[in-house]
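One file, target-v3.txt, is given below (compact mmCIF, C-alpha atoms and all ligand atoms).
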# COMPACT_ATOMS: atom_id res chain seq x y z
CA GLU M 1 31.51 -14.82 7.12
CA ALA M 2 30.88 -16.52 3.80
CA GLY M 3 31.26 -14.22 0.83
CA ASP M 4 28.01 -15.45 -0.65
CA ALA M 5 25.96 -14.41 2.38
CA ARG M 6 27.62 -11.01 2.43
CA ASN M 7 27.01 -10.49 -1.28
CA THR M 8 23.38 -11.45 -0.94
CA ARG M 9 22.87 -8.88 1.79
CA GLU M 10 24.66 -6.17 -0.14
CA ASP M 11 22.52 -6.93 -3.18
CA HIS M 12 19.47 -6.61 -1.00
CA GLN M 13 20.55 -3.23 0.33
CA LEU M 14 21.27 -2.00 -3.15
CA ARG M 15 17.89 -3.17 -4.31
CA VAL M 16 15.97 -1.25 -1.65
CA SER M 17 18.16 1.51 -0.27
CA LYS M 18 17.31 3.75 2.69
CA ILE M 19 15.40 6.94 2.11
CA ARG M 20 15.94 10.35 3.63
CA ASP M 21 12.45 11.81 4.06
CA GLY M 22 9.22 10.14 3.15
CA THR M 23 7.22 6.99 3.73
CA VAL M 24 8.14 3.33 3.73
CA ILE M 25 5.24 0.94 3.25
CA ASP M 26 6.64 -2.33 4.52
CA HIS M 27 5.29 -5.90 4.92
CA VAL M 28 3.08 -5.58 1.87
CA ARG M 29 1.78 -8.95 0.65
CA GLY M 30 4.06 -10.36 -2.02
CA GLY M 31 2.96 -9.23 -5.46
CA GLN M 32 0.88 -6.23 -4.31
CA ALA M 33 3.46 -3.44 -4.69
CA LEU M 34 2.14 -2.26 -8.05
CA ASN M 35 -1.36 -2.05 -6.58
CA VAL M 36 0.05 0.02 -3.73
CA LEU M 37 1.46 2.43 -6.29
CA ALA M 38 -1.91 2.52 -8.08
CA ILE M 39 -3.66 3.39 -4.83
CA LEU M 40 -1.18 6.20 -4.20
CA GLY M 41 -1.65 7.42 -7.77
CA ILE M 42 2.05 7.04 -8.47
CA ASP M 43 3.13 5.99 -11.94
CA GLY M 44 6.53 7.66 -12.02
CA SER M 45 5.51 10.13 -14.69
CA GLU M 46 5.81 13.08 -12.32
CA GLY M 47 9.38 12.31 -11.37
CA GLU M 48 8.49 10.79 -8.00
CA GLU M 49 11.55 9.27 -6.38
CA LEU M 50 10.65 5.77 -5.28
CA SER M 51 12.02 2.31 -4.68
CA VAL M 52 10.05 -0.88 -4.97
CA GLY M 53 11.11 -4.31 -3.75
CA MET M 54 9.01 -7.26 -4.78
CA ASN M 55 8.93 -10.76 -3.35
CA VAL M 56 11.83 -10.17 -1.01
CA PRO M 57 12.34 -12.58 1.92
CA SER M 58 10.67 -11.50 5.16
CA ASP M 59 10.55 -12.84 8.70
CA ARG M 60 6.86 -12.02 9.15
CA LEU M 61 5.48 -13.00 5.74
CA ALA M 62 6.78 -15.67 3.41
CA ARG M 63 7.58 -13.02 0.81
CA LYS M 64 6.93 -9.34 1.05
CA ASP M 65 6.87 -6.28 -1.12
CA ILE M 66 8.12 -2.92 0.05
CA VAL M 67 7.46 0.55 -1.35
CA LYS M 68 9.53 3.59 -0.41
CA VAL M 69 8.42 7.02 -1.52
CA GLU M 70 10.58 10.09 -0.99
CA GLY M 71 8.95 13.32 0.13
CA ARG M 72 5.46 12.00 0.50
CA GLU M 73 3.11 11.29 3.40
CA LEU M 74 -0.12 9.33 3.06
CA SER M 75 -3.66 10.47 3.72
CA GLN M 76 -5.97 8.42 5.96
CA ASP M 77 -8.08 7.53 2.90
CA GLU M 78 -5.01 6.13 1.17
CA VAL M 79 -4.05 4.11 4.24
CA ASP M 80 -7.61 2.77 4.54
CA VAL M 81 -7.58 1.49 0.97
CA LEU M 82 -4.04 0.13 1.36
CA SER M 83 -5.26 -1.94 4.31
CA LEU M 84 -7.63 -3.78 1.96
CA ILE M 85 -4.85 -5.17 -0.22
CA ALA M 86 -2.02 -5.13 2.33
CA PRO M 87 -3.59 -5.97 5.70
CA ASP M 88 -0.25 -6.61 7.40
CA ALA M 89 1.49 -3.49 6.12
CA THR M 90 3.42 -1.13 8.34
CA ILE M 91 3.63 2.55 7.49
CA ASN M 92 6.95 4.08 8.50
CA ILE M 93 7.43 7.84 8.40
CA VAL M 94 11.08 8.71 7.81
CA ARG M 95 12.67 12.07 8.58
CA ASP M 96 16.34 12.68 8.09
CA TYR M 97 16.95 8.95 7.62
CA GLU M 98 15.30 7.96 10.93
CA VAL M 99 11.97 6.17 11.34
CA ILE M 100 10.09 8.69 13.50
CA GLU M 101 6.72 6.99 13.38
CA LYS M 102 5.59 3.45 12.67
CA HIS M 103 2.11 2.00 12.66
CA ARG M 104 0.25 -0.99 11.31
CA VAL M 105 -2.58 -0.31 8.90
CA GLU M 106 -6.07 -1.00 10.26
CA ARG M 107 -8.96 -2.24 8.21
CA PRO M 108 -11.81 0.25 8.45
CA GLU M 109 -15.42 -1.02 8.64
CA VAL M 110 -16.47 1.14 5.69
CA VAL M 111 -14.72 3.14 2.98
CA GLU M 112 -16.61 6.10 1.60
CA GLY M 113 -16.01 8.10 -1.55
CA VAL M 114 -12.74 6.39 -2.43
CA LEU M 115 -13.69 3.37 -4.53
CA SER M 116 -16.16 3.40 -7.38
CA CYS M 117 -18.69 0.61 -7.79
CA PRO M 118 -18.06 -1.64 -10.83
CA ASN M 119 -21.82 -2.10 -11.35
CA SER M 120 -22.88 0.41 -14.00
CA GLY M 121 -26.49 0.11 -12.78
CA CYS M 122 -25.54 1.17 -9.26
CA ILE M 123 -27.02 4.45 -8.00
CA THR M 124 -23.50 5.61 -7.12
CA THR M 125 -22.31 5.41 -10.72
CA GLY M 126 -25.31 6.90 -12.53
CA GLY M 127 -24.47 10.58 -12.20
CA GLU M 128 -26.62 10.99 -9.08
CA PRO M 129 -25.01 12.96 -6.26
CA VAL M 130 -24.55 9.84 -4.16
CA SER M 131 -21.01 9.09 -3.08
CA SER M 132 -19.79 5.53 -2.94
CA ARG M 133 -19.83 3.49 0.22
CA PHE M 134 -18.41 0.00 0.66
CA ASP M 135 -18.60 -2.29 3.65
CA VAL M 136 -15.30 -4.02 4.32
CA LEU M 137 -15.54 -7.81 4.49
CA SER M 138 -12.84 -10.17 5.68
CA ASP M 139 -11.96 -10.97 2.06
CA GLY M 140 -13.17 -8.03 0.00
CA VAL M 141 -15.60 -5.12 -0.11
CA ARG M 142 -19.36 -4.89 -0.71
CA CYS M 143 -21.18 -1.90 -2.18
CA ALA M 144 -23.57 -0.63 0.49
CA TYR M 145 -26.10 0.32 -2.23
CA CYS M 146 -26.21 -2.54 -4.75
CA GLU M 147 -24.38 -5.21 -2.70
CA THR M 148 -21.89 -5.99 -5.46
CA ILE M 149 -18.95 -7.79 -3.87
CA VAL M 150 -15.38 -7.28 -5.09
CA ARG M 151 -12.65 -9.57 -3.80
CA ASP M 152 -9.82 -9.27 -6.30
CA GLY M 153 -9.03 -6.12 -8.20
CA ILE M 154 -9.94 -3.64 -5.47
CA ALA M 155 -7.12 -1.36 -6.60
CA ALA M 156 -8.86 -1.01 -9.97
CA LEU M 157 -11.85 0.59 -8.23
CA ILE M 158 -9.88 3.55 -6.95
CA ASP M 159 -11.65 6.75 -7.88
CA THR M 160 -9.06 8.98 -9.53
N1 LIG M 201 13.88 2.47 6.12
C1 LIG M 201 14.27 3.17 4.98
N2 LIG M 201 14.97 4.34 5.10
C2 LIG M 201 15.29 4.81 6.31
C3 LIG M 201 14.91 4.12 7.47
C4 LIG M 201 14.19 2.93 7.35
O1 LIG M 201 13.98 2.76 3.87
N3 LIG M 201 16.00 5.94 6.37
C5 LIG M 201 13.11 1.24 5.95
C6 LIG M 201 13.83 0.00 6.44
O2 LIG M 201 14.61 -0.52 5.38
C7 LIG M 201 12.67 -0.92 6.80
C8 LIG M 201 11.56 0.04 7.22
O3 LIG M 201 11.93 1.32 6.73
O4 LIG M 201 12.23 -1.63 5.65
C9 LIG M 201 11.39 0.10 8.71
O5 LIG M 201 12.62 0.47 9.28
P1 LIG M 201 13.03 -0.02 10.74
O6 LIG M 201 11.93 0.29 11.68
O7 LIG M 201 14.38 0.53 11.04
O8 LIG M 201 13.20 -1.58 10.48
P2 LIG M 201 12.65 -2.82 11.31
O9 LIG M 201 12.93 -2.62 12.75
O10 LIG M 201 13.18 -4.05 10.65
O11 LIG M 201 11.10 -2.72 11.03
P3 LIG M 201 9.93 -3.73 11.43
O12 LIG M 201 10.11 -4.08 12.88
O13 LIG M 201 8.69 -2.94 11.16
O14 LIG M 201 10.06 -4.91 10.52
ZN ZN M 202 -22.91 -0.43 -6.19

Represent the supplied structure as structure tokens.
Amino acid sequence: EAGDARNTREDHQLRVSKIRDGTVIDHVRGGQALNVLAILGIDGSEGEELSVGMNVPSDRLARKDIVKVEGRELSQDEVDVLSLIAPDATINIVRDYEVIEKHRVERPEVVEGVLSCPNSGCITTGGEPVSSRFDVLSDGVRCAYCETIVRDGIAALIDT
């Protein structure tokens, strides 16, 4: 085998090494890994152990991102929002180095109470006890109250 090919693969393994226990979010659209971290509320400041690969070659997508988080499982709300920016993602649960569960994300029809509407005149943002509700479109989300549509920048709407 050519040394170059071997070196490339070893580099790749070094870049995104296996994890012991946690979650691997794989087949994320190239360039979306930092938004995945935003959705999970991970900025590294709490010592979270994580690996991020960006724009790595993939057989399914032209280029993919991959996020591996040690010691963390995802809530359904988190997976629902992830599906909006990474519709082809697979969530792999790893225990003791083995993938014990793998599933594709599914786009929900609505997301409630997770995103906040960017329209300051919206009833959901005015201090009324109305929680947010967005209909999921093929290319974005639409506020069910004021009909504001957001296509890019969905991660920035995450209610923290
Ligand atoms: N993985 C990891 N740590 C482990 C086990 C797996 O980081 N201890 C990662 C792999 O590197 C891969 C993903 O989890 O990115 C899924 O692992 P696996 O199912 O073994 O790989 P594939 O069969 O290639 O997955 P798929 O068919 O979903 O592409
Ligand atoms: Zn609204």

Counting only C-alpha atoms and all ligand atoms, which residues of chain M fall within 7 Å of ligand LIG 201 (chain M), and what is the closest atom pair for each with its distance in Å at one decimal, ordered by chain and rising number, as CSV?
residue,atom,partner,partner_atom,distance
M:Ser17,CA,M:LIG201,O1,6.0
M:Lys18,CA,M:LIG201,N2,3.4
M:Ile19,CA,M:LIG201,N2,4.0
M:Arg20,CA,M:LIG201,N3,5.2
M:Val24,CA,M:LIG201,O3,5.2
M:Asp26,CA,M:LIG201,O4,5.7
M:Lys68,CA,M:LIG201,O1,6.2
M:Thr90,CA,M:LIG201,O13,6.2
M:Asn92,CA,M:LIG201,O3,6.0
M:Val94,CA,M:LIG201,N3,5.8
M:Asp96,CA,M:LIG201,N3,7.0
M:Tyr97,CA,M:LIG201,N3,3.4
M:Glu98,CA,M:LIG201,N3,5.0
M:Val99,CA,M:LIG201,C3,5.3

Requested in this report: Give the residue list for ligand ZN 202 (chain M) at 7 Å, counting only C-alpha atoms and all ligand atoms, as a VMD selection string, sorted by chain and then by residue number.
Outcome: chain M and resid 117 to 119 122 to 124 143 to 148

Query raised in the report: Could you name the residues that touch M:Pro57 at 10 Å or less, counting only C-alpha atoms, but leaving out those on the same chain fewer than 6 positions away, as a count of residues only?
Result: 5

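When atom CA of M:Gly71 is paired with atom CA of M:Pro108, their separation reads 25.9 Å.
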
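As for atom CA of M:Asn35 and atom CA of M:Glu78, they are spaced 11.8 Å apart.
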
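Of the residues under consideration (M:Val105, M:Val28, M:Val81, M:Ile91), M:Val28 shows the shortest atom-to-atom contact distance to M:Leu61 when counting only C-alpha atoms.
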
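Reported to one decimal place, the separation of atom CA of M:Ile85 from atom CA of M:Glu109 is 14.4 Å.
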
Add whatever atoms are absent from stretch 95-129 of chain M to reach N, CA and C atoms, and provide the output as a PDB file, in the frame of the given file.
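Just written: rebuild_8.pdb:
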ATOM      1  N   ARG M  95      12.166  10.697   8.652  1.00  0.00           N
ATOM      2  CA  ARG M  95      12.670  12.070   8.580  1.00  0.00           C
ATOM      3  C   ARG M  95      14.169  12.024   8.836  1.00  0.00           C
ATOM      4  N   ASP M  96      14.894  12.634   7.954  1.00  0.00           N
ATOM      5  CA  ASP M  96      16.340  12.680   8.090  1.00  0.00           C
ATOM      6  C   ASP M  96      16.915  11.287   8.369  1.00  0.00           C
ATOM      7  N   TYR M  97      16.487  10.340   7.601  1.00  0.00           N
ATOM      8  CA  TYR M  97      16.950   8.950   7.620  1.00  0.00           C
ATOM      9  C   TYR M  97      16.448   8.107   8.790  1.00  0.00           C
ATOM     10  N   GLU M  98      15.782   8.741   9.784  1.00  0.00           N
ATOM     11  CA  GLU M  98      15.300   7.960  10.930  1.00  0.00           C
ATOM     12  C   GLU M  98      13.816   7.674  10.793  1.00  0.00           C
ATOM     13  N   VAL M  99      13.401   6.477  11.252  1.00  0.00           N
ATOM     14  CA  VAL M  99      11.970   6.170  11.340  1.00  0.00           C
ATOM     15  C   VAL M  99      11.441   6.911  12.570  1.00  0.00           C
ATOM     16  N   ILE M 100      10.590   7.922  12.353  1.00  0.00           N
ATOM     17  CA  ILE M 100      10.090   8.690  13.500  1.00  0.00           C
ATOM     18  C   ILE M 100       8.693   8.254  13.903  1.00  0.00           C
ATOM     19  N   GLU M 101       8.068   7.439  13.067  1.00  0.00           N
ATOM     20  CA  GLU M 101       6.720   6.990  13.380  1.00  0.00           C
ATOM     21  C   GLU M 101       6.489   5.697  12.624  1.00  0.00           C
ATOM     22  N   LYS M 102       5.867   4.734  13.303  1.00  0.00           N
ATOM     23  CA  LYS M 102       5.590   3.450  12.670  1.00  0.00           C
ATOM     24  C   LYS M 102       4.229   2.980  13.134  1.00  0.00           C
ATOM     25  N   HIS M 103       3.360   2.624  12.211  1.00  0.00           N
ATOM     26  CA  HIS M 103       2.110   2.000  12.660  1.00  0.00           C
ATOM     27  C   HIS M 103       1.601   0.991  11.648  1.00  0.00           C
ATOM     28  N   ARG M 104       0.882   0.003  12.162  1.00  0.00           N
ATOM     29  CA  ARG M 104       0.250  -0.990  11.310  1.00  0.00           C
ATOM     30  C   ARG M 104      -0.992  -0.375  10.688  1.00  0.00           C
ATOM     31  N   VAL M 105      -1.316  -0.777   9.473  1.00  0.00           N
ATOM     32  CA  VAL M 105      -2.580  -0.310   8.900  1.00  0.00           C
ATOM     33  C   VAL M 105      -3.725  -1.014   9.623  1.00  0.00           C
ATOM     34  N   GLU M 106      -4.881  -0.378   9.662  1.00  0.00           N
ATOM     35  CA  GLU M 106      -6.070  -1.000  10.260  1.00  0.00           C
ATOM     36  C   GLU M 106      -7.155  -1.027   9.221  1.00  0.00           C
ATOM     37  N   ARG M 107      -7.854  -2.151   9.160  1.00  0.00           N
ATOM     38  CA  ARG M 107      -8.960  -2.240   8.210  1.00  0.00           C
ATOM     39  C   ARG M 107     -10.148  -1.476   8.755  1.00  0.00           C
ATOM     40  N   PRO M 108     -10.638  -0.488   7.999  1.00  0.00           N
ATOM     41  CA  PRO M 108     -11.810   0.250   8.450  1.00  0.00           C
ATOM     42  C   PRO M 108     -13.056  -0.609   8.239  1.00  0.00           C
ATOM     43  N   GLU M 109     -14.185  -0.260   8.872  1.00  0.00           N
ATOM     44  CA  GLU M 109     -15.420  -1.020   8.640  1.00  0.00           C
ATOM     45  C   GLU M 109     -16.069  -0.609   7.316  1.00  0.00           C
ATOM     46  N   VAL M 110     -15.923   0.664   6.967  1.00  0.00           N
ATOM     47  CA  VAL M 110     -16.470   1.140   5.690  1.00  0.00           C
ATOM     48  C   VAL M 110     -15.452   2.075   5.036  1.00  0.00           C
ATOM     49  N   VAL M 111     -15.499   2.125   3.701  1.00  0.00           N
ATOM     50  CA  VAL M 111     -14.720   3.140   2.980  1.00  0.00           C
ATOM     51  C   VAL M 111     -15.708   3.940   2.137  1.00  0.00           C
ATOM     52  N   GLU M 112     -15.655   5.235   2.294  1.00  0.00           N
ATOM     53  CA  GLU M 112     -16.610   6.100   1.600  1.00  0.00           C
ATOM     54  C   GLU M 112     -15.917   7.031   0.628  1.00  0.00           C
ATOM     55  N   GLY M 113     -16.467   7.110  -0.583  1.00  0.00           N
ATOM     56  CA  GLY M 113     -16.010   8.100  -1.550  1.00  0.00           C
ATOM     57  C   GLY M 113     -14.641   7.844  -2.146  1.00  0.00           C
ATOM     58  N   VAL M 114     -14.103   6.651  -1.951  1.00  0.00           N
ATOM     59  CA  VAL M 114     -12.740   6.390  -2.430  1.00  0.00           C
ATOM     60  C   VAL M 114     -12.715   5.381  -3.569  1.00  0.00           C
ATOM     61  N   LEU M 115     -13.621   4.403  -3.494  1.00  0.00           N
ATOM     62  CA  LEU M 115     -13.690   3.370  -4.530  1.00  0.00           C
ATOM     63  C   LEU M 115     -14.934   3.623  -5.358  1.00  0.00           C
ATOM     64  N   SER M 116     -14.913   3.274  -6.637  1.00  0.00           N
ATOM     65  CA  SER M 116     -16.160   3.400  -7.380  1.00  0.00           C
ATOM     66  C   SER M 116     -16.717   2.023  -7.706  1.00  0.00           C
ATOM     67  N   CYS M 117     -18.022   1.904  -7.618  1.00  0.00           N
ATOM     68  CA  CYS M 117     -18.690   0.610  -7.790  1.00  0.00           C
ATOM     69  C   CYS M 117     -18.560   0.153  -9.245  1.00  0.00           C
ATOM     70  N   PRO M 118     -18.204  -1.129  -9.452  1.00  0.00           N
ATOM     71  CA  PRO M 118     -18.060  -1.640 -10.830  1.00  0.00           C
ATOM     72  C   PRO M 118     -19.396  -1.912 -11.508  1.00  0.00           C
ATOM     73  N   ASN M 119     -20.491  -1.843 -10.769  1.00  0.00           N
ATOM     74  CA  ASN M 119     -21.820  -2.100 -11.350  1.00  0.00           C
ATOM     75  C   ASN M 119     -22.353  -0.821 -11.985  1.00  0.00           C
ATOM     76  N   SER M 120     -22.473  -0.821 -13.326  1.00  0.00           N
ATOM     77  CA  SER M 120     -22.880   0.410 -14.000  1.00  0.00           C
ATOM     78  C   SER M 120     -24.334   0.770 -13.685  1.00  0.00           C
ATOM     79  N   GLY M 121     -25.108  -0.187 -13.166  1.00  0.00           N
ATOM     80  CA  GLY M 121     -26.490   0.110 -12.780  1.00  0.00           C
ATOM     81  C   GLY M 121     -26.617   0.619 -11.356  1.00  0.00           C
ATOM     82  N   CYS M 122     -25.513   0.727 -10.661  1.00  0.00           N
ATOM     83  CA  CYS M 122     -25.540   1.170  -9.260  1.00  0.00           C
ATOM     84  C   CYS M 122     -25.872   2.655  -9.171  1.00  0.00           C
ATOM     85  N   ILE M 123     -26.636   3.034  -8.151  1.00  0.00           N
ATOM     86  CA  ILE M 123     -27.020   4.450  -8.000  1.00  0.00           C
ATOM     87  C   ILE M 123     -25.800   5.349  -7.830  1.00  0.00           C
ATOM     88  N   THR M 124     -24.695   4.786  -7.345  1.00  0.00           N
ATOM     89  CA  THR M 124     -23.500   5.610  -7.120  1.00  0.00           C
ATOM     90  C   THR M 124     -22.735   5.905  -8.400  1.00  0.00           C
ATOM     91  N   THR M 125     -23.075   5.200  -9.485  1.00  0.00           N
ATOM     92  CA  THR M 125     -22.310   5.410 -10.720  1.00  0.00           C
ATOM     93  C   THR M 125     -23.146   6.084 -11.808  1.00  0.00           C
ATOM     94  N   GLY M 126     -24.401   6.395 -11.501  1.00  0.00           N
ATOM     95  CA  GLY M 126     -25.310   6.900 -12.530  1.00  0.00           C
ATOM     96  C   GLY M 126     -25.403   8.408 -12.625  1.00  0.00           C
ATOM     97  N   GLY M 127     -24.428   9.123 -12.101  1.00  0.00           N
ATOM     98  CA  GLY M 127     -24.470  10.580 -12.200  1.00  0.00           C
ATOM     99  C   GLY M 127     -25.321  11.228 -11.111  1.00  0.00           C
ATOM    100  N   GLU M 128     -25.898  10.422 -10.229  1.00  0.00           N
ATOM    101  CA  GLU M 128     -26.620  10.990  -9.080  1.00  0.00           C
ATOM    102  C   GLU M 128     -25.585  11.469  -8.064  1.00  0.00           C
ATOM    103  N   PRO M 129     -25.969  12.467  -7.262  1.00  0.00           N
ATOM    104  CA  PRO M 129     -25.010  12.960  -6.260  1.00  0.00           C
ATOM    105  C   PRO M 129     -24.947  12.057  -5.025  1.00  0.00           C
TER     106      PRO M 129
END
